[in-house]
Amino acid sequence: MNMKNINRRSLAFVMIVSLLLAVTPITENAIAAPDTAPSTGGAQAAPAAVAATGPAIPTAYGAFTSSYAAAMYLPGTNTIRVQPIRTYLDRSKPMIALTFDDGPSQYTEHIVELLDRYDCRATFCVIGNRVGPQKGRVRAVAAQGSEVVGHSWDHKNLTSLSKKKIRRELKKTNQAIKSVTGVRPAMYRPPYGAYDEKVRKASKKLHLALLTWSYDTKDWKSLDPKKVYGRIKKHAEGDQILLMHDIHESTAIAMDKVIPWLVGQGYELVTVSELMYYKGIDIKPGIVYNDGI
Ligand SMILES: [Zn+2]
């Protein structure tokens with residue numbers, strides 16, 4: 001890849017992320033007007049203009065992401081597609097889906113910037129109650145082209161809850177994500193990877209697939225960038241879904257080396273949806289997915 005290109009892309013990306021974090025959210029106005037009508041004055045919000053003429057943010061992003069802008073403004077609520085999929089990737093290359101749980105946090109942007117610099121994407125499994133307070137970060141993930149799925153509202157072990165409470169956890173989280181990204185996720189990651197028949201049935205009812213992982217980097221345990229990098233170097237292989245957490249600074253630092261190393265080894269770093277697409281696996285509600293095999 002051309003270095004000039006990378007630098008230009010990185011600069012543009014940093015500028016856009018700053019913009020996303022600085023301005024009053026404008027995108028959900030087009031999606032969920034009742035929630036976002038300016039209450040007092042609303043000097044920065046321009047919902048009608050945004051909806052009618054197209055958004056400023058995706059236009060700016062249009063220079064270097066393929067098609068997120070289109071999906072952001074699809075009116076349908078029942079779409080099963082989580083994010084637009086890059087259909088131009090090299091099928092002959094091995095693919096790995098990096099996944100980041102428990103965020104967003106102040107370390108999320110760093111990971112997103114790295115992903116963008118290397119033309120990679122990942123899947124972020126966000127805690128529902130963190131989405132609203134940190135919507136700029138969630139939007140930055142989505143705008144980069146990475147995937148946002150839920151990880152429950154407050155990280156309870158779903159197997160210990162009633163069906164009704166499970167559904168509430170999942171629904172609330174999906175609504176929070178949709179209000180920020182415009183897209184209702186088609187899958188989620190249960191906290192602790194814990195599920196049973198009751199959880200699966202409740203998920204199926206909400207048209208949600210379950211996502212676990214095939215390799216645990218144990219980043220939460222070591223909190224050591226070198227160890228995270230070392231484990232991935234030793235165990236990386238095609239079709240993996242790797243578990244990490246973007247709430248740890250050590251994980252964000254590890255990505256400085258992990259992402260370029262994986263790219264250098266010839267891996268395509270993809271979202272889980274992209275992995276499924278390329279492996280010809282249909283994402284179905286109530287089914288558990290842990291790799292691309
Ligand atoms: Zn978690």
# chains A, B, ... in the order shown; residues from 1 in each chain; ligands from 1
call {"tool": "residues_near_ligand", "arguments": {"ligand": "ligand 1", "cutoff": "9 Å", "atoms": "only C-alpha atoms and all ligand atoms", "output": "short mmCIF file (atom, residue, chain, number, x, y, z; two decimals) with N, CA and C atoms, in the first residue's frame"}}
result
data_model
loop_
_atom_site.label_atom_id
_atom_site.label_comp_id
_atom_site.auth_asym_id
_atom_site.auth_seq_id
_atom_site.Cartn_x
_atom_site.Cartn_y
_atom_site.Cartn_z
N PHE A 100 -13.67 -6.90 19.99
CA PHE A 100 -13.34 -6.12 21.19
C PHE A 100 -14.59 -5.96 22.04
N ASP A 101 -14.53 -6.46 23.27
CA ASP A 101 -15.71 -6.45 24.15
C ASP A 101 -15.64 -5.35 25.21
N ASP A 102 -16.80 -5.10 25.78
CA ASP A 102 -16.98 -4.30 27.02
C ASP A 102 -16.85 -2.80 26.85
N GLY A 103 -16.52 -2.32 25.66
CA GLY A 103 -16.41 -0.90 25.42
C GLY A 103 -17.76 -0.28 25.12
N CYS A 125 -18.07 -5.33 20.44
CA CYS A 125 -19.24 -5.82 21.18
C CYS A 125 -19.44 -4.89 22.37
N VAL A 126 -20.38 -3.98 22.22
CA VAL A 126 -20.47 -2.88 23.19
C VAL A 126 -21.50 -3.16 24.28
N ILE A 127 -21.23 -2.59 25.46
CA ILE A 127 -22.17 -2.67 26.58
C ILE A 127 -23.25 -1.61 26.34
N HIS A 151 -23.47 -6.44 23.63
CA HIS A 151 -22.83 -7.34 24.61
C HIS A 151 -23.63 -7.25 25.91
N SER A 152 -24.95 -7.15 25.76
CA SER A 152 -25.92 -6.98 26.85
C SER A 152 -25.93 -5.54 27.36
N HIS A 155 -23.90 -6.26 31.26
CA HIS A 155 -22.93 -7.35 31.46
C HIS A 155 -23.35 -8.38 32.51
N ARG A 189 -22.89 -10.67 21.47
CA ARG A 189 -22.03 -11.58 22.24
C ARG A 189 -22.54 -11.64 23.68
N PRO A 190 -22.96 -12.81 24.13
CA PRO A 190 -23.40 -12.90 25.52
C PRO A 190 -22.22 -12.69 26.48
N PRO A 191 -22.43 -11.96 27.58
CA PRO A 191 -21.36 -11.76 28.56
C PRO A 191 -20.79 -13.10 29.02
N TYR A 192 -19.50 -13.16 29.17
CA TYR A 192 -18.77 -14.36 29.60
C TYR A 192 -18.91 -15.51 28.59
N GLY A 193 -19.49 -15.22 27.44
CA GLY A 193 -19.74 -16.29 26.48
C GLY A 193 -20.76 -17.29 27.00
N HIS A 245 -10.51 -6.97 24.58
CA HIS A 245 -11.35 -5.98 25.28
C HIS A 245 -10.77 -4.58 25.08
#
call {"tool": "residues_around", "arguments": {"residues": "region 195-209 of chain A", "least_positions_apart": "6", "cutoff": "8 Å", "atoms": "only C-alpha atoms", "output": "PyMOL selection string"}}
result
chain A and resi 158-159+163+166-167+170-171+185-188+283-289
call {"tool": "select_by_dssp", "arguments": {"residues": "region 48-248 of chain A", "states": "strand (DSSP E or B)", "output": "PyMOL selection string"}}
result
chain A and resi 95-101+123-126+147-150+187-188+209-211+215-216+240-245
call {"tool": "atom_distance", "arguments": {"atom1": "CA of Met95 (chain A)", "atom2": "CA of Gly292 (chain A)"}}
result
8.6 Å
call {"tool": "select_by_dssp", "arguments": {"residues": "region 125-184 of chain A", "states": "alpha helix (DSSP H)", "output": "MDAnalysis selection string"}}
result
chainID A and resid 128:131 135:144 163:181
call {"tool": "closest_residue", "arguments": {"among": "A:Glu147, A:Glu249, A:Asp219, A:Asp90", "to": "Val183 (chain A)", "atoms": "only C-alpha atoms"}}
result
A:Glu147
call {"tool": "residues_around", "arguments": {"residues": "region 252-263 of chain A", "least_positions_apart": "3", "cutoff": "8 Å", "atoms": "only C-alpha atoms", "output": "list of chain:residue names"}}
result
A:Tyr107, A:Thr108, A:His110, A:Ile111, A:Leu114, A:Leu115, A:Tyr118, A:Asp224, A:Pro225, A:Lys226, A:Val228, A:Tyr229, A:Ile232, A:Lys233, A:Asp246, A:His248, A:Glu249, A:Gly266, A:Tyr267, A:Glu268, A:Leu269
